[in-house]
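J.: Have a peek at my_file_39.cif (mmCIF, C-alpha atoms).
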data_coords
#
loop_
_atom_site.label_atom_id
_atom_site.label_comp_id
_atom_site.auth_asym_id
_atom_site.auth_seq_id
_atom_site.Cartn_x
_atom_site.Cartn_y
_atom_site.Cartn_z
CA MET A 20 0.00 0.00 0.00
CA VAL A 21 1.52 3.31 -1.09
CA SER A 22 0.62 6.74 0.23
CA THR A 23 -1.30 8.54 -2.51
CA MET A 24 -2.39 12.08 -3.35
CA GLY A 25 -0.87 13.83 -0.40
CA ARG A 26 0.74 17.12 0.45
CA VAL A 27 3.91 18.23 2.20
CA ALA A 28 3.65 21.86 3.19
CA ASP A 29 2.10 23.37 0.03
CA ILE A 30 3.63 20.81 -2.36
CA GLU A 31 1.30 18.13 -3.69
CA PHE A 32 2.52 14.63 -4.48
CA LEU A 33 0.89 11.71 -6.31
CA SER A 34 2.48 9.10 -4.08
CA ALA A 35 5.15 8.79 -1.39
CA TYR A 36 7.50 5.83 -1.14
CA LYS A 37 10.14 4.32 1.07
CA ILE A 38 12.53 2.75 -1.46
CA ARG A 39 15.67 0.61 -1.41
CA ALA A 40 17.69 -0.89 -4.27
CA ILE A 41 17.63 -4.67 -4.57
CA ASP A 42 20.97 -4.97 -6.38
CA PRO A 43 23.71 -5.22 -3.70
CA ASN A 44 26.23 -3.65 -6.10
CA ILE A 45 24.07 -0.52 -6.23
CA LEU A 46 23.51 -0.50 -2.48
CA ASN A 47 27.22 -0.80 -1.74
CA GLY A 48 27.95 2.36 -3.71
CA ALA A 49 24.87 4.28 -2.63
CA GLN A 50 24.62 7.16 -0.20
CA ASP A 51 21.54 5.58 1.37
CA GLY A 52 19.09 3.32 -0.45
CA GLY A 53 20.28 3.62 -4.04
CA ALA A 54 16.84 4.78 -5.22
CA THR A 55 18.06 7.43 -7.67
CA THR A 56 20.56 5.10 -9.34
CA SER A 57 18.03 2.26 -9.62
CA ILE A 58 15.26 4.49 -10.98
CA LEU A 59 17.56 6.02 -13.61
CA ILE A 60 18.74 2.59 -14.74
CA ALA A 61 15.10 1.49 -15.00
CA GLY A 62 14.38 4.56 -17.12
CA LEU A 63 17.21 3.66 -19.49
CA ASN A 64 16.09 0.03 -19.69
CA ALA A 65 12.50 1.04 -20.46
CA GLY A 66 13.48 3.66 -23.04
CA ILE A 67 11.87 6.43 -20.97
CA ILE A 68 15.18 8.30 -21.08
CA ASP A 69 18.16 8.09 -23.42
CA ALA A 70 20.64 9.51 -20.94
CA ALA A 71 21.01 11.12 -17.54
CA ILE A 72 23.20 13.96 -16.35
CA VAL A 73 24.80 12.86 -13.09
CA VAL A 74 27.70 14.03 -10.94
CA GLY A 75 30.72 11.84 -10.28
CA LYS A 76 33.96 12.61 -8.46
CA ASP A 77 37.68 12.01 -8.68
CA GLU A 78 39.85 10.57 -5.91
CA TYR A 79 40.07 14.01 -4.31
CA TRP A 80 36.27 14.48 -4.24
CA ARG A 81 36.36 17.07 -7.00
CA PRO A 82 33.03 16.76 -8.84
CA ASN A 83 32.83 15.88 -12.52
CA ILE A 84 29.76 15.90 -14.73
CA ILE A 85 28.84 12.67 -16.49
CA LEU A 86 26.50 12.26 -19.43
CA ALA A 87 25.36 8.76 -18.49
CA ARG A 88 24.29 6.59 -21.41
CA THR A 89 24.64 3.18 -19.71
CA PRO A 90 23.86 1.68 -16.28
CA GLU A 91 27.61 1.66 -15.57
CA ASP A 92 27.77 5.40 -16.27
CA ILE A 93 24.86 6.00 -13.91
CA ARG A 94 26.51 4.01 -11.12
CA ARG A 95 29.56 6.26 -11.43
CA GLY A 96 27.35 9.08 -10.19
CA SER A 97 26.19 7.25 -7.06
CA GLY A 98 26.61 8.86 -3.66
CA THR A 99 26.32 12.42 -2.37
CA LYS A 100 29.27 14.78 -2.95
CA TYR A 101 28.00 17.82 -1.00
CA VAL A 102 29.84 20.12 -3.44
CA TYR A 103 27.71 22.48 -5.49
CA VAL A 104 28.18 22.03 -9.22
CA SER A 105 26.07 23.30 -12.09
CA THR A 106 25.20 20.55 -14.55
CA ILE A 107 23.30 22.85 -16.91
CA PRO A 108 26.35 23.33 -19.20
CA LYS A 109 26.28 19.59 -19.95
CA LEU A 110 22.60 19.92 -20.85
CA LYS A 111 23.50 22.70 -23.28
CA GLU A 112 26.09 20.45 -24.91
CA ILE A 113 23.46 17.94 -25.99
CA ALA A 114 21.02 20.47 -27.42
CA GLN A 115 22.12 19.58 -30.95
CA ASN A 116 22.76 15.88 -30.26
CA ASN A 117 20.24 13.96 -32.35
CA ASP A 118 21.04 10.70 -30.55
CA ILE A 119 19.59 12.01 -27.29
CA ASN A 120 15.94 12.99 -27.22
CA SER A 121 15.08 12.53 -23.54
CA VAL A 122 17.57 13.23 -20.79
CA ALA A 123 17.05 12.98 -17.04
CA PHE A 124 18.30 16.06 -15.17
CA ILE A 125 19.18 15.36 -11.53
CA ASN A 126 20.43 17.99 -9.13
CA VAL A 127 19.60 20.14 -6.12
CA PRO A 128 16.46 22.33 -6.17
CA CYS A 129 18.04 25.55 -7.43
CA GLN A 130 19.48 23.75 -10.45
CA VAL A 131 16.19 22.00 -11.24
CA LYS A 132 14.39 25.32 -10.89
CA ALA A 133 16.75 26.86 -13.46
CA VAL A 134 16.08 24.00 -15.88
CA SER A 135 12.35 24.38 -15.34
CA ASN A 136 12.67 28.01 -16.39
CA ILE A 137 14.55 26.89 -19.51
CA ILE A 138 11.71 24.49 -20.31
CA LYS A 139 9.16 27.29 -19.96
CA ALA A 140 11.16 29.41 -22.39
CA GLY A 141 10.89 26.61 -24.98
CA GLY A 142 13.33 25.76 -27.76
CA LYS A 143 15.61 22.85 -28.64
CA LEU A 144 17.23 22.62 -25.23
CA ALA A 145 13.89 22.52 -23.44
CA SER A 146 12.69 19.65 -25.60
CA LYS A 147 15.63 17.49 -24.51
CA VAL A 148 14.64 17.39 -20.84
CA GLY A 149 12.50 14.30 -20.31
CA VAL A 150 12.66 14.01 -16.52
CA ARG A 151 13.55 16.33 -13.65
CA ILE A 152 14.64 14.86 -10.33
CA THR A 153 15.30 17.11 -7.37
CA LEU A 154 17.49 15.93 -4.51
CA PHE A 155 16.57 16.99 -0.97
CA CYS A 156 18.89 19.85 -0.05
CA MET A 157 19.41 22.03 3.00
CA HIS A 158 22.72 23.47 1.79
CA SER A 159 25.94 22.67 -0.08
CA PHE A 160 29.61 23.61 -0.09
CA THR A 161 32.23 24.82 -2.52
CA TYR A 162 35.09 22.40 -3.05
CA GLU A 163 37.45 24.70 -1.15
CA SER A 164 35.09 25.05 1.81
CA LEU A 165 34.59 21.28 1.91
CA LYS A 166 38.37 20.84 2.11
CA LYS A 167 38.45 23.26 5.05
CA LEU A 168 35.63 21.36 6.74
CA ALA A 169 37.60 18.13 6.31
CA GLU A 170 40.60 19.83 7.92
CA GLU A 171 38.31 20.85 10.79
CA ALA A 172 37.52 17.14 11.21
CA GLY A 173 41.21 16.22 11.02
CA VAL A 174 40.96 14.27 7.75
CA ASN A 175 42.10 14.66 4.16
CA LEU A 176 39.56 14.40 1.36
CA ASP A 177 41.75 11.90 -0.48
CA ASP A 178 41.51 9.60 2.55
CA THR A 179 37.72 9.91 2.64
CA ILE A 180 35.47 7.23 1.13
CA LYS A 181 32.09 8.67 2.14
CA MET A 182 30.51 11.73 3.75
CA ASP A 183 27.15 11.93 5.46
CA ILE A 184 24.98 14.22 7.54
CA LYS A 185 23.24 12.43 10.38
CA GLY A 186 22.95 14.99 13.17
CA LYS A 187 26.63 15.80 12.50
CA PHE A 188 28.76 16.09 9.38
CA ILE A 189 30.59 12.77 9.18
CA PHE A 190 33.69 11.79 7.22
CA TYR A 191 34.32 8.06 6.75
CA THR A 192 37.96 7.24 5.98
CA ARG A 193 39.73 4.40 4.19
CA ASP A 194 41.07 2.96 7.45
CA GLY A 195 37.53 2.36 8.72
CA GLU A 196 37.46 5.33 11.04
CA LYS A 197 35.01 8.23 11.06
CA SER A 198 35.45 11.85 12.06
CA GLU A 199 32.59 14.16 12.96
CA VAL A 200 32.01 17.89 12.91
CA PRO A 201 29.05 19.45 14.77
CA ILE A 202 26.37 20.76 12.42
CA ALA A 203 26.72 24.27 13.85
CA LYS A 204 30.41 24.27 12.91
CA ALA A 205 29.75 22.72 9.48
CA GLU A 206 27.20 25.44 8.72
CA GLU A 207 29.99 28.02 8.92
CA TYR A 208 31.36 26.59 5.67
CA ILE A 209 28.21 26.41 3.55
CA ARG A 210 27.82 28.48 0.38
CA PRO A 211 26.33 31.92 1.20
CA PRO A 212 23.62 31.64 -1.51
CA CYS A 213 22.36 28.46 0.17
CA LYS A 214 21.47 30.47 3.23
CA LYS A 215 18.95 32.48 1.19
CA CYS A 216 17.48 29.57 -0.78
CA LYS A 217 13.98 28.54 0.33
CA ASP A 218 13.74 25.24 -1.56
CA PHE A 219 14.34 21.95 0.21
CA ILE A 220 12.77 20.31 -2.85
CA TYR A 221 11.52 21.90 -6.06
CA HIS A 222 7.80 21.50 -6.67
CA GLU A 223 7.96 21.35 -10.48
CA SER A 224 10.15 18.25 -10.47
CA ASP A 225 8.92 14.80 -11.50
CA LEU A 226 10.51 13.10 -8.50
CA ALA A 227 12.00 14.35 -5.24
CA ILE A 228 14.48 11.99 -3.58
CA GLY A 229 16.42 12.05 -0.31
CA SER A 230 16.99 10.23 2.95
CA ILE A 231 14.93 12.43 5.26
CA GLY A 232 11.88 10.57 6.58
CA THR A 233 13.13 7.00 6.15
CA PRO A 234 15.42 4.68 8.15
CA ARG A 235 19.12 4.41 7.38
CA GLY A 236 19.69 2.47 4.17
CA TRP A 237 16.45 3.64 2.53
CA ASN A 238 15.32 6.63 0.48
CA THR A 239 12.24 8.78 0.58
CA VAL A 240 10.79 9.23 -2.92
CA LEU A 241 7.98 11.69 -3.60
CA VAL A 242 6.28 11.24 -6.96
CA LEU A 243 5.27 14.69 -8.20
CA SER A 244 4.12 13.93 -11.75
CA ASP A 245 2.93 11.18 -14.07
CA LYS A 246 6.44 11.01 -15.56
CA GLY A 247 7.85 10.33 -12.12
CA LYS A 248 5.20 7.70 -11.51
CA LYS A 249 6.14 5.94 -14.74
CA LEU A 250 9.80 5.82 -13.73
CA VAL A 251 9.11 4.36 -10.29
CA GLU A 252 6.72 1.80 -11.73
CA ALA A 253 9.40 0.80 -14.25
CA ALA A 254 11.92 0.25 -11.46
CA ILE A 255 9.41 -1.87 -9.53
CA SER A 256 8.42 -3.96 -12.56
CA GLN A 257 12.08 -4.57 -13.45
CA GLY A 258 12.78 -5.83 -9.93
CA LEU A 259 15.33 -3.11 -9.26
CA ILE A 260 13.77 -1.70 -6.10
CA GLU A 261 11.62 -2.64 -3.15
CA ALA A 262 9.05 0.03 -2.46
CA GLU A 263 6.78 0.53 0.52
CA SER A 264 4.40 3.23 1.59
CA LEU A 265 6.07 6.17 3.27
CA SER A 266 4.68 6.46 6.78
CA GLU A 267 2.73 9.48 7.95
CA LYS A 268 5.64 10.19 10.28
CA GLY A 269 8.00 10.15 7.30
CA VAL A 270 5.82 12.61 5.40
CA SER A 271 5.67 14.90 8.44
CA ILE A 272 9.46 14.84 8.79
CA VAL A 273 9.87 15.91 5.15
CA GLU A 274 7.35 18.69 5.74
CA LYS A 275 9.31 19.79 8.80
CA PHE A 276 12.47 20.19 6.72
CA ILE A 277 10.65 22.06 3.94
CA LYS A 278 9.37 24.57 6.49
CA ARG A 279 12.69 24.76 8.28
CA LYS A 280 14.52 25.58 5.05
CA ARG A 281 12.06 28.36 4.27
CA GLU A 282 12.28 29.81 7.77
CA GLU A 283 16.07 29.82 7.76
CA ALA A 284 16.13 31.63 4.42
CA GLU A 285 13.85 34.35 5.77
CA ASN A 286 15.95 35.01 8.86
#
Let me see the file written as structure tokens.
T.:
Amino acid sequence: MVSTMGRVADIEFLSAYKIRAIDPNILNGAQDGGATTSILIAGLNAGIIDAAIVVGKDEYWRPNIILARTPEDIRRGSGTKYVYVSTIPKLKEIAQNNDINSVAFINVPCQVKAVSNIIKAGGKLASKVGVRITLFCMHSFTYESLKKLAEEAGVNLDDTIKMDIKGKFIFYTRDGEKSEVPIAKAEEYIRPPCKKCKDFIYHESDLAIGSIGTPRGWNTVLVLSDKGKKLVEAAISQGLIEAESLSEKGVSIVEKFIKRKREEAEN
């Protein structure tokens, strides 16, 4: 049973899921439940999309933009980087590419909002965007500020295998250790524009995905359009994900963060 036709704050959704990837290879490389990776692969398999624009990283956690045409390409973009990067230039590159007619654009709310404005303006570029997926976002960092935050934690980025925010900013290192920085201290390093942004998710997306509202190892997925619904259903039918109804508590937690983001931006 899946939650249907609900609302978080003033944002309506068609359905709300708690989702986890079934493929252990996807789970092992995922930030949480591997929902975004699995759903994008399902979209490729079903021909809903021809490609996806995802963000990878090098060994120093510097982000790189990937035009993913295969499941392997999509897996290279797994995991959260916490560094702000605009992926719109990659979208512009494919405007004249006749081999790509439907691309999935995945990024934080401000980036998805910009693409939505491009779509409204019309034209060749707008016609290429088949799916918009917004990732839950409270804030992000520049690469330089992330390096400074790592130094605050006493680690080097090239020794880090994963980062996470679970009450604290956590760095997991290659030797199996973890170092933590209090959220209040981490917030000193966030990008100034993030402090004025009101969007935890962007309402004109097809899907909104994050980890807020679900247990560790799962993702919250809000379906905001029929396109998003089609993608999730494809992932379920292909056996790529297990999907359960998001609890009322989970929905209320997402709503709490939406409101919190707006309040912080106004103060």
J.: Determine the nearest neighbour of Lys278 (chain A) from the options A:Ala203, A:Ile184, A:Ile67, A:Ile220, counting all atoms listed in the file.
T.: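 Comparing A:Ala203, A:Ile184, A:Ile67, A:Ile220 against Lys278 (chain A), the winner is A:Ile220.
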J.: Please identify every residue of region 256-283 of chain A that has at least one atom no farther than 6 Å from an atom of region 223-238 of chain A, counting only C-alpha atoms, and for each give the shortest atom pair and the distance in Å to one decimal, arranged by chain then increasing number, as a Markdown table.
T.:
| residue | atom | partner | partner_atom | distance |
| --- | --- | --- | --- | --- |
| A:Gly269 | CA | A:Gly232 | CA | 4.0 |
| A:Ile272 | CA | A:Gly232 | CA | 5.4 |
| A:Val273 | CA | A:Gly232 | CA | 5.9 |
J.: The PyMOL selection byres ((chain A and resi 129) around 9) on the file shown: which residues, as a ChimeraX atom specification?
T.: /A:126-128,130-134,153,216,218,220-221
J.: Between A:Ser146, A:Ser105, A:Thr192, A:Ser244, single out the one closest to Glu31 (chain A), counting all atoms listed in the file.
T.: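 Between A:Ser146, A:Ser105, A:Thr192, A:Ser244, the residue approaching Glu31 (chain A) most closely is A:Ser244.
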J.: Of the residues A:Glu282, A:Leu243, A:Glu263, A:Ile85, which is the one nearest to Val27 (chain A), using only C-alpha atoms?
T.: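 Of A:Glu282, A:Leu243, A:Glu263, A:Ile85, the one nearest Val27 (chain A), counting only C-alpha atoms, is A:Leu243.
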J.: Check what the PyMOL selection byres ((chain A and resi 45) around 12) selects in the file above and give those residues as a VMD selection string.
T.: chain A and resid 39 to 44 46 to 60 90 to 91 93 to 98 236 259 to 260
J.: If I only have part of region 28-50 of chain A, can you fill in N, CA and C atoms and write it as an mmCIF file, keeping the file's coordinate frame?
T.:
data_model
loop_
_atom_site.group_PDB
_atom_site.id
_atom_site.type_symbol
_atom_site.label_atom_id
_atom_site.label_comp_id
_atom_site.auth_asym_id
_atom_site.auth_seq_id
_atom_site.Cartn_x
_atom_site.Cartn_y
_atom_site.Cartn_z
ATOM 1 N N ALA A 28 3.764 20.405 3.217
ATOM 2 C CA ALA A 28 3.650 21.860 3.190
ATOM 3 C C ALA A 28 2.634 22.228 2.107
ATOM 4 N N ASP A 29 3.024 23.014 1.104
ATOM 5 C CA ASP A 29 2.100 23.370 0.030
ATOM 6 C C ASP A 29 2.429 22.639 -1.270
ATOM 7 N N ILE A 30 3.217 21.566 -1.178
ATOM 8 C CA ILE A 30 3.630 20.810 -2.360
ATOM 9 C C ILE A 30 2.833 19.505 -2.438
ATOM 10 N N GLU A 31 2.107 19.340 -3.515
ATOM 11 C CA GLU A 31 1.300 18.130 -3.690
ATOM 12 C C GLU A 31 2.128 17.013 -4.313
ATOM 13 N N PHE A 32 1.864 15.772 -3.855
ATOM 14 C CA PHE A 32 2.520 14.630 -4.480
ATOM 15 C C PHE A 32 1.471 13.580 -4.842
ATOM 16 N N LEU A 33 1.788 12.779 -5.881
ATOM 17 C CA LEU A 33 0.890 11.710 -6.310
ATOM 18 C C LEU A 33 1.016 10.490 -5.412
ATOM 19 N N SER A 34 2.236 10.221 -4.984
ATOM 20 C CA SER A 34 2.480 9.100 -4.080
ATOM 21 C C SER A 34 3.792 9.336 -3.345
ATOM 22 N N ALA A 35 3.944 8.653 -2.214
ATOM 23 C CA ALA A 35 5.150 8.790 -1.390
ATOM 24 C C ALA A 35 5.651 7.402 -1.021
ATOM 25 N N TYR A 36 6.919 7.153 -1.328
ATOM 26 C CA TYR A 36 7.500 5.830 -1.140
ATOM 27 C C TYR A 36 8.682 5.835 -0.175
ATOM 28 N N LYS A 37 8.891 4.688 0.395
ATOM 29 C CA LYS A 37 10.140 4.320 1.070
ATOM 30 C C LYS A 37 10.778 3.279 0.158
ATOM 31 N N ILE A 38 11.959 3.583 -0.393
ATOM 32 C CA ILE A 38 12.530 2.750 -1.460
ATOM 33 C C ILE A 38 13.967 2.353 -1.143
ATOM 34 N N ARG A 39 14.290 1.102 -1.534
ATOM 35 C CA ARG A 39 15.670 0.610 -1.410
ATOM 36 C C ARG A 39 16.010 -0.231 -2.628
ATOM 37 N N ALA A 40 17.232 -0.088 -3.137
ATOM 38 C CA ALA A 40 17.690 -0.890 -4.270
ATOM 39 C C ALA A 40 17.782 -2.356 -3.866
ATOM 40 N N ILE A 41 17.502 -3.231 -4.804
ATOM 41 C CA ILE A 41 17.630 -4.670 -4.570
ATOM 42 C C ILE A 41 19.033 -5.160 -4.920
ATOM 43 N N ASP A 42 19.634 -4.581 -5.936
ATOM 44 C CA ASP A 42 20.970 -4.970 -6.380
ATOM 45 C C ASP A 42 22.014 -4.584 -5.328
ATOM 46 N N PRO A 43 22.719 -5.553 -4.731
ATOM 47 C CA PRO A 43 23.710 -5.220 -3.700
ATOM 48 C C PRO A 43 24.855 -4.354 -4.232
ATOM 49 N N ASN A 44 25.161 -4.468 -5.518
ATOM 50 C CA ASN A 44 26.230 -3.650 -6.100
ATOM 51 C C ASN A 44 25.843 -2.175 -6.095
ATOM 52 N N ILE A 45 24.554 -1.898 -6.297
ATOM 53 C CA ILE A 45 24.070 -0.520 -6.230
ATOM 54 C C ILE A 45 24.055 -0.048 -4.783
ATOM 55 N N LEU A 46 23.576 -0.877 -3.889
ATOM 56 C CA LEU A 46 23.510 -0.500 -2.480
ATOM 57 C C LEU A 46 24.889 -0.199 -1.900
ATOM 58 N N ASN A 47 25.872 -0.995 -2.280
ATOM 59 C CA ASN A 47 27.220 -0.800 -1.740
ATOM 60 C C ASN A 47 27.822 0.543 -2.131
ATOM 61 N N GLY A 48 27.415 1.074 -3.278
ATOM 62 C CA GLY A 48 27.950 2.360 -3.710
ATOM 63 C C GLY A 48 27.033 3.525 -3.439
ATOM 64 N N ALA A 49 25.889 3.248 -2.820
ATOM 65 C CA ALA A 49 24.870 4.280 -2.630
ATOM 66 C C ALA A 49 25.143 5.127 -1.390
ATOM 67 N N GLN A 50 24.581 6.326 -1.394
ATOM 68 C CA GLN A 50 24.620 7.160 -0.200
ATOM 69 C C GLN A 50 23.700 6.578 0.865
#
